[in-house]
Amino acid sequence: MRFISIITLCFVVGTIIGCGNLSKNMNTSSENNPLFCTPQDGVCLIATSKETKHEAGLDSEHSNSSKKIKLIYFTDPICSSCWAIEPQLKKLKLEFGEHIIFDYHMGGLLPSWDIYNSGGISKPSDVASHWDEVSSYYQMPIVGDVWLQDPLSSSYPPSIAFKAAQLQDEKKAAIFLRILREKVFVEKKNITKESEIKEAADQSGLIAVKILEDMKVVALENFQKDLQLAAKMGVRGFPTIYILGENGQMELIYGSHPYNTYVQAIQKSFPEIRRNEVTLNDFEVLGNYDSYTQKECAEILGISFEKAKFILDEWLKKNPISERIDTRNGSLWRLQRRTN
């Protein structure tokens, strides 16, 4: 398989990364379990990391020289807690608009099952039931069947693919990452495969052949730089978001939190920035994205979880080229994506 050499190279770049504590009813050790994230804390922890003060600071390339709100976001395509904050991040993009910039960095959540065996978690099937559990907690559709049917060997290939997507177009790269997440969490697809990466690239308007080519060298190097930056900044898990203030100060948001936590952190760093609260017609607001979960719709529109389902079903009726993907843990509503 073409990705084997890529993964092998990645093993030498840094720490072995995994997720944190299981909830108490899982009957497993709570220490350093890969891909197991603590819903109560909203964090997927780095397995080998110790408590670290965030003293590393930023290189000059990350200094805030404009009035833009810059969020440095450390994440991973298969991080369930990162999927959980998609509603909050979507709403931030709507309410702060052109003022907000997301600077995405990959964290390297799962290097390989071959070199990881900790806390009683040593194989993909150990993850499946946990994903079903966190789905209920976050009210986001997450199905663990991929770990039973076609398990991922590593999160490095889709992470490197994202770095390749960034080389072409930052905005399309964000769409590419969203598609990868839908594939793994909702559609039960193994996103380490070339076919899945190529399809995600096509659907996000990127040149798939170039993605695969750039993954071999340039994107791999950029992924290694992301891992090094995460280590330098003391990143202990995902999601980790740093908000850079106008005067160089930095606010840290660690894990999944309610929407107002993100707003308050931004307003602390940018007290004069005003957000454009969502006041448009429901369907006009939904036109800003091509896919939604029930939780995302409820968060963005400020409505109940139950009403969000009705609104999304009506949204699909107004868009004949659309679909609803139903799972035992929730649904995904989306418009049909065209391929290149």
# chains A, B, ... in the order shown; residues from 1 in each chain; ligands from 1
call {"tool": "residues_around", "arguments": {"residues": "Cys82 of chain A", "least_positions_apart": "4", "cutoff": "9 Å", "atoms": "only C-alpha atoms", "output": "ChimeraX atom specification"}}
result
/A:42-44,75-78,86,238-240,255-256
call {"tool": "write_last_selection", "arguments": {"atoms": "N, CA, C and O atoms", "output": "compact mmCIF listing (two decimals), in the first residue's frame"}}
result
# COMPACT_ATOMS: atom_id res chain seq x y z
N GLY A 42 -14.32 16.99 27.41
CA GLY A 42 -14.32 17.40 26.02
C GLY A 42 -12.95 17.36 25.38
O GLY A 42 -12.64 18.18 24.54
N VAL A 43 -12.11 16.38 25.77
CA VAL A 43 -10.72 16.37 25.32
C VAL A 43 -10.31 14.97 24.88
O VAL A 43 -10.66 13.98 25.51
N CYS A 44 -9.54 14.91 23.78
CA CYS A 44 -8.81 13.70 23.41
C CYS A 44 -7.36 13.95 23.77
O CYS A 44 -6.70 14.80 23.19
N THR A 75 -5.83 19.86 15.90
CA THR A 75 -6.91 18.91 15.75
C THR A 75 -6.41 17.65 15.07
O THR A 75 -5.22 17.49 14.82
N ASP A 76 -7.33 16.75 14.76
CA ASP A 76 -7.01 15.50 14.06
C ASP A 76 -8.29 15.03 13.37
O ASP A 76 -9.38 15.18 13.94
N PRO A 77 -8.19 14.46 12.18
CA PRO A 77 -9.40 14.04 11.45
C PRO A 77 -10.27 13.03 12.19
O PRO A 77 -11.47 12.97 11.95
N ILE A 78 -9.68 12.22 13.08
CA ILE A 78 -10.47 11.20 13.76
C ILE A 78 -10.69 11.52 15.25
O ILE A 78 -11.07 10.64 16.02
N GLU A 86 -17.77 21.05 16.15
CA GLU A 86 -18.15 21.60 14.84
C GLU A 86 -19.31 22.59 14.93
O GLU A 86 -19.30 23.62 14.25
N PHE A 238 -6.63 17.23 22.15
CA PHE A 238 -7.42 17.91 21.12
C PHE A 238 -8.90 17.89 21.50
O PHE A 238 -9.37 16.93 22.11
N PRO A 239 -9.63 18.94 21.13
CA PRO A 239 -9.16 20.14 20.44
C PRO A 239 -8.44 21.11 21.39
O PRO A 239 -8.80 21.24 22.55
N THR A 240 -7.42 21.78 20.86
CA THR A 240 -6.76 22.87 21.55
C THR A 240 -6.79 24.09 20.63
O THR A 240 -6.37 24.00 19.47
N GLY A 255 -10.27 21.67 24.90
CA GLY A 255 -11.39 20.74 24.94
C GLY A 255 -12.66 21.35 24.39
O GLY A 255 -12.68 22.46 23.85
N SER A 256 -13.74 20.61 24.53
CA SER A 256 -15.05 21.03 24.04
C SER A 256 -15.77 21.85 25.10
O SER A 256 -15.84 21.44 26.27
call {"tool": "atom_distance", "arguments": {"atom1": "atom CA of Ser136 of chain A", "atom2": "atom CA of Leu92 of chain A"}}
result
23.4 Å
call {"tool": "closest_residue", "arguments": {"among": "A:Arg181, A:Ser159, A:Ile72, A:Glu284", "to": "Glu251 of chain A", "atoms": "only C-alpha atoms"}}
result
A:Ile72
call {"tool": "select_by_dssp", "arguments": {"residues": "segment 87-266 of chain A", "states": "strand (DSSP E)", "output": "number ranges by chain"}}
result
A: 100-106, 237-238, 240-244, 250-254
call {"tool": "residues_around", "arguments": {"residues": "Pro124 of chain A", "least_positions_apart": "4", "cutoff": "10 Å", "atoms": "only C-alpha atoms", "output": "VMD selection string"}}
result
chain A and resid 34 to 35 113 128 144 146 to 153
call {"tool": "residues_around", "arguments": {"residues": "segment 299-308 of chain A", "least_positions_apart": "4", "cutoff": "12 Å", "atoms": "only C-alpha atoms", "output": "JSON, numbers by chain"}}
result
{"A": [84, 85, 86, 87, 88, 89, 90, 91, 92, 93, 94, 95, 138, 139, 140, 258, 259, 260, 277, 278, 279, 280, 281, 282, 283, 284, 285, 286, 288, 289, 292, 293, 294, 295, 312, 313, 314, 315, 330, 331, 332, 333]}
call {"tool": "atom_distance", "arguments": {"atom1": "atom CA of Met106 of chain A", "atom2": "atom CA of Ile160 of chain A"}}
result
8.2 Å
call {"tool": "residues_around", "arguments": {"residues": "Lys68 of chain A", "least_positions_apart": "2", "cutoff": "12 Å", "atoms": "only C-alpha atoms", "output": "ChimeraX atom specification"}}
result
/A:63-66,70-71,96-103,243-247,266,269-270,272-273
call {"tool": "atom_distance", "arguments": {"atom1": "atom CA of Ile253 of chain A", "atom2": "atom CA of Ser135 of chain A"}}
result
21.5 Å
call {"tool": "select_by_dssp", "arguments": {"residues": "segment 59-286 of chain A", "states": "alpha helix (DSSP H)", "output": "MDAnalysis selection string"}}
result
chainID A and resid 80:84 86:96 125:138 146:149 156:168 170:185 194:203 208:214 218:232 259:269 282:286
call {"tool": "residues_around", "arguments": {"residues": "Ser195 of chain A", "least_positions_apart": "2", "cutoff": "12 Å", "atoms": "only C-alpha atoms", "output": "compact mmCIF listing (two decimals) with N, CA and C atoms, in the first residue's frame"}}
result
# COMPACT_ATOMS: atom_id res chain seq x y z
N ARG A 2 0.47 2.22 -0.78
CA ARG A 2 1.32 3.40 -0.98
C ARG A 2 1.59 4.16 0.30
N PRO A 158 -4.71 10.69 6.55
CA PRO A 158 -5.64 11.80 6.33
C PRO A 158 -5.12 13.14 6.86
N LEU A 180 -13.81 14.58 5.23
CA LEU A 180 -13.13 13.43 5.83
C LEU A 180 -13.82 13.02 7.13
N LYS A 183 -17.07 11.28 6.55
CA LYS A 183 -16.81 9.94 6.07
C LYS A 183 -16.54 8.97 7.22
N LYS A 189 -16.36 5.14 6.87
CA LYS A 189 -15.37 4.94 5.82
C LYS A 189 -13.95 5.03 6.38
N ASN A 190 -13.08 4.21 5.84
CA ASN A 190 -11.67 4.22 6.22
C ASN A 190 -10.95 5.32 5.43
N ILE A 191 -10.71 6.45 6.08
CA ILE A 191 -10.17 7.62 5.39
C ILE A 191 -8.65 7.60 5.24
N THR A 192 -8.04 6.45 5.53
CA THR A 192 -6.62 6.32 5.19
C THR A 192 -6.46 5.87 3.74
N LYS A 193 -7.53 5.43 3.12
CA LYS A 193 -7.45 4.88 1.76
C LYS A 193 -7.37 5.98 0.71
N ILE A 197 -9.63 9.55 0.14
CA ILE A 197 -8.95 10.84 0.08
C ILE A 197 -9.19 11.51 -1.26
N LYS A 198 -9.13 10.75 -2.32
CA LYS A 198 -9.35 11.29 -3.67
C LYS A 198 -10.78 11.80 -3.80
N GLU A 199 -11.75 11.04 -3.32
CA GLU A 199 -13.14 11.47 -3.41
C GLU A 199 -13.38 12.74 -2.61
N ALA A 200 -12.80 12.81 -1.41
CA ALA A 200 -12.95 14.02 -0.58
C ALA A 200 -12.33 15.22 -1.27
N ALA A 201 -11.19 15.02 -1.92
CA ALA A 201 -10.53 16.10 -2.66
C ALA A 201 -11.41 16.57 -3.81
N ASP A 202 -11.96 15.63 -4.56
CA ASP A 202 -12.84 15.98 -5.68
C ASP A 202 -14.05 16.77 -5.20
N ALA A 208 -7.18 16.19 -6.91
CA ALA A 208 -6.88 14.98 -6.16
C ALA A 208 -5.50 14.42 -6.46
N VAL A 209 -5.11 14.44 -7.72
CA VAL A 209 -3.80 13.90 -8.11
C VAL A 209 -2.68 14.67 -7.42
N ILE A 211 -2.98 16.29 -4.56
CA ILE A 211 -3.03 15.93 -3.14
C ILE A 211 -2.15 14.71 -2.88
N LEU A 212 -2.37 13.66 -3.67
CA LEU A 212 -1.63 12.41 -3.48
C LEU A 212 -0.14 12.59 -3.73
call {"tool": "residues_around", "arguments": {"residues": "Gly107 of chain A", "least_positions_apart": "3", "cutoff": "10 Å", "atoms": "only C-alpha atoms", "output": "PyMOL selection string"}}
result
chain A and resi 17-18+46+73-77+79+104+110+155-156+159+223-224+226-231+235-240
call {"tool": "closest_residue", "arguments": {"among": "A:Glu170, A:Asp145, A:Asp214, A:Asp126", "to": "Val184 of chain A", "atoms": "only C-alpha atoms"}}
result
A:Asp145
call {"tool": "decode", "arguments": {"residues": "segment 266-297 of chain A", "atoms": "N, CA and C atoms", "output": "tab-separated table (two decimals), in the first residue's frame"}}
result
chain	number	residue	atom	x	y	z
A	266	ILE	N	-12.78	35.36	22.78
A	266	ILE	CA	-12.52	36.28	21.66
A	266	ILE	C	-12.72	37.72	22.12
A	267	GLN	N	-13.79	37.99	22.83
A	267	GLN	CA	-14.07	39.35	23.28
A	267	GLN	C	-13.06	39.84	24.31
A	268	LYS	N	-12.47	38.93	25.06
A	268	LYS	CA	-11.42	39.32	25.99
A	268	LYS	C	-10.18	39.78	25.24
A	269	SER	N	-9.86	39.11	24.13
A	269	SER	CA	-8.70	39.48	23.33
A	269	SER	C	-9.00	40.64	22.39
A	270	PHE	N	-10.25	40.75	21.95
A	270	PHE	CA	-10.66	41.79	21.01
A	270	PHE	C	-11.92	42.47	21.54
A	271	PRO	N	-11.79	43.30	22.55
A	271	PRO	CA	-12.97	43.89	23.21
A	271	PRO	C	-13.83	44.75	22.30
A	272	GLU	N	-13.27	45.28	21.23
A	272	GLU	CA	-14.04	46.15	20.35
A	272	GLU	C	-14.72	45.40	19.21
A	273	ILE	N	-14.39	44.13	19.06
A	273	ILE	CA	-14.99	43.33	17.99
A	273	ILE	C	-16.44	43.00	18.35
A	274	ARG	N	-17.34	43.25	17.42
A	274	ARG	CA	-18.73	42.91	17.62
A	274	ARG	C	-19.12	41.76	16.70
A	275	ARG	N	-19.90	40.85	17.23
A	275	ARG	CA	-20.31	39.73	16.40
A	275	ARG	C	-21.66	40.00	15.75
A	276	ASN	N	-21.85	39.43	14.60
A	276	ASN	CA	-23.12	39.57	13.88
A	276	ASN	C	-24.01	38.40	14.27
A	277	GLU	N	-24.87	38.63	15.26
A	277	GLU	CA	-25.70	37.53	15.72
A	277	GLU	C	-26.64	37.08	14.61
A	278	VAL	N	-26.89	35.78	14.58
A	278	VAL	CA	-27.71	35.19	13.52
A	278	VAL	C	-29.14	35.68	13.66
A	279	THR	N	-29.60	36.44	12.68
A	279	THR	CA	-30.96	36.98	12.71
A	279	THR	C	-31.70	36.73	11.40
A	280	LEU	N	-31.04	36.10	10.43
A	280	LEU	CA	-31.66	35.86	9.14
A	280	LEU	C	-32.71	34.77	9.23
A	281	ASN	N	-33.49	34.66	8.18
A	281	ASN	CA	-34.43	33.56	8.04
A	281	ASN	C	-33.68	32.23	8.16
A	282	ASP	N	-34.32	31.25	8.79
A	282	ASP	CA	-33.67	29.96	9.03
A	282	ASP	C	-32.99	29.40	7.79
A	283	PHE	N	-33.69	29.41	6.67
A	283	PHE	CA	-33.17	28.76	5.47
A	283	PHE	C	-32.08	29.59	4.80
A	284	GLU	N	-32.10	30.90	5.01
A	284	GLU	CA	-31.01	31.74	4.51
A	284	GLU	C	-29.73	31.44	5.28
A	285	VAL	N	-29.86	31.24	6.58
A	285	VAL	CA	-28.70	30.91	7.41
A	285	VAL	C	-28.13	29.57	6.99
A	286	LEU	N	-28.97	28.58	6.80
A	286	LEU	CA	-28.52	27.24	6.44
A	286	LEU	C	-27.83	27.22	5.08
A	287	GLY	N	-28.09	28.21	4.26
A	287	GLY	CA	-27.45	28.28	2.95
A	287	GLY	C	-25.96	28.55	3.02
A	288	ASN	N	-25.43	28.85	4.21
A	288	ASN	CA	-24.00	29.13	4.34
A	288	ASN	C	-23.14	27.87	4.31
A	289	TYR	N	-23.74	26.71	4.56
A	289	TYR	CA	-22.99	25.45	4.55
A	289	TYR	C	-23.77	24.41	3.76
A	290	ASP	N	-23.07	23.36	3.35
A	290	ASP	CA	-23.78	22.34	2.55
A	290	ASP	C	-24.10	21.09	3.35
A	291	SER	N	-23.79	21.07	4.64
A	291	SER	CA	-24.16	19.91	5.46
A	291	SER	C	-24.33	20.33	6.92
A	292	TYR	N	-25.22	19.63	7.59
A	292	TYR	CA	-25.51	19.94	8.99
A	292	TYR	C	-25.87	18.67	9.76
A	293	THR	N	-25.54	18.67	11.03
A	293	THR	CA	-26.11	17.71	11.96
A	293	THR	C	-27.22	18.44	12.72
A	294	GLN	N	-28.02	17.68	13.43
A	294	GLN	CA	-29.10	18.27	14.22
A	294	GLN	C	-28.55	19.22	15.27
A	295	LYS	N	-27.44	18.84	15.90
A	295	LYS	CA	-26.83	19.68	16.92
A	295	LYS	C	-26.32	20.98	16.32
A	296	GLU	N	-25.74	20.92	15.14
A	296	GLU	CA	-25.23	22.12	14.48
A	296	GLU	C	-26.35	23.10	14.18
A	297	CYS	N	-27.45	22.60	13.65
A	297	CYS	CA	-28.59	23.46	13.34
A	297	CYS	C	-29.15	24.09	14.61
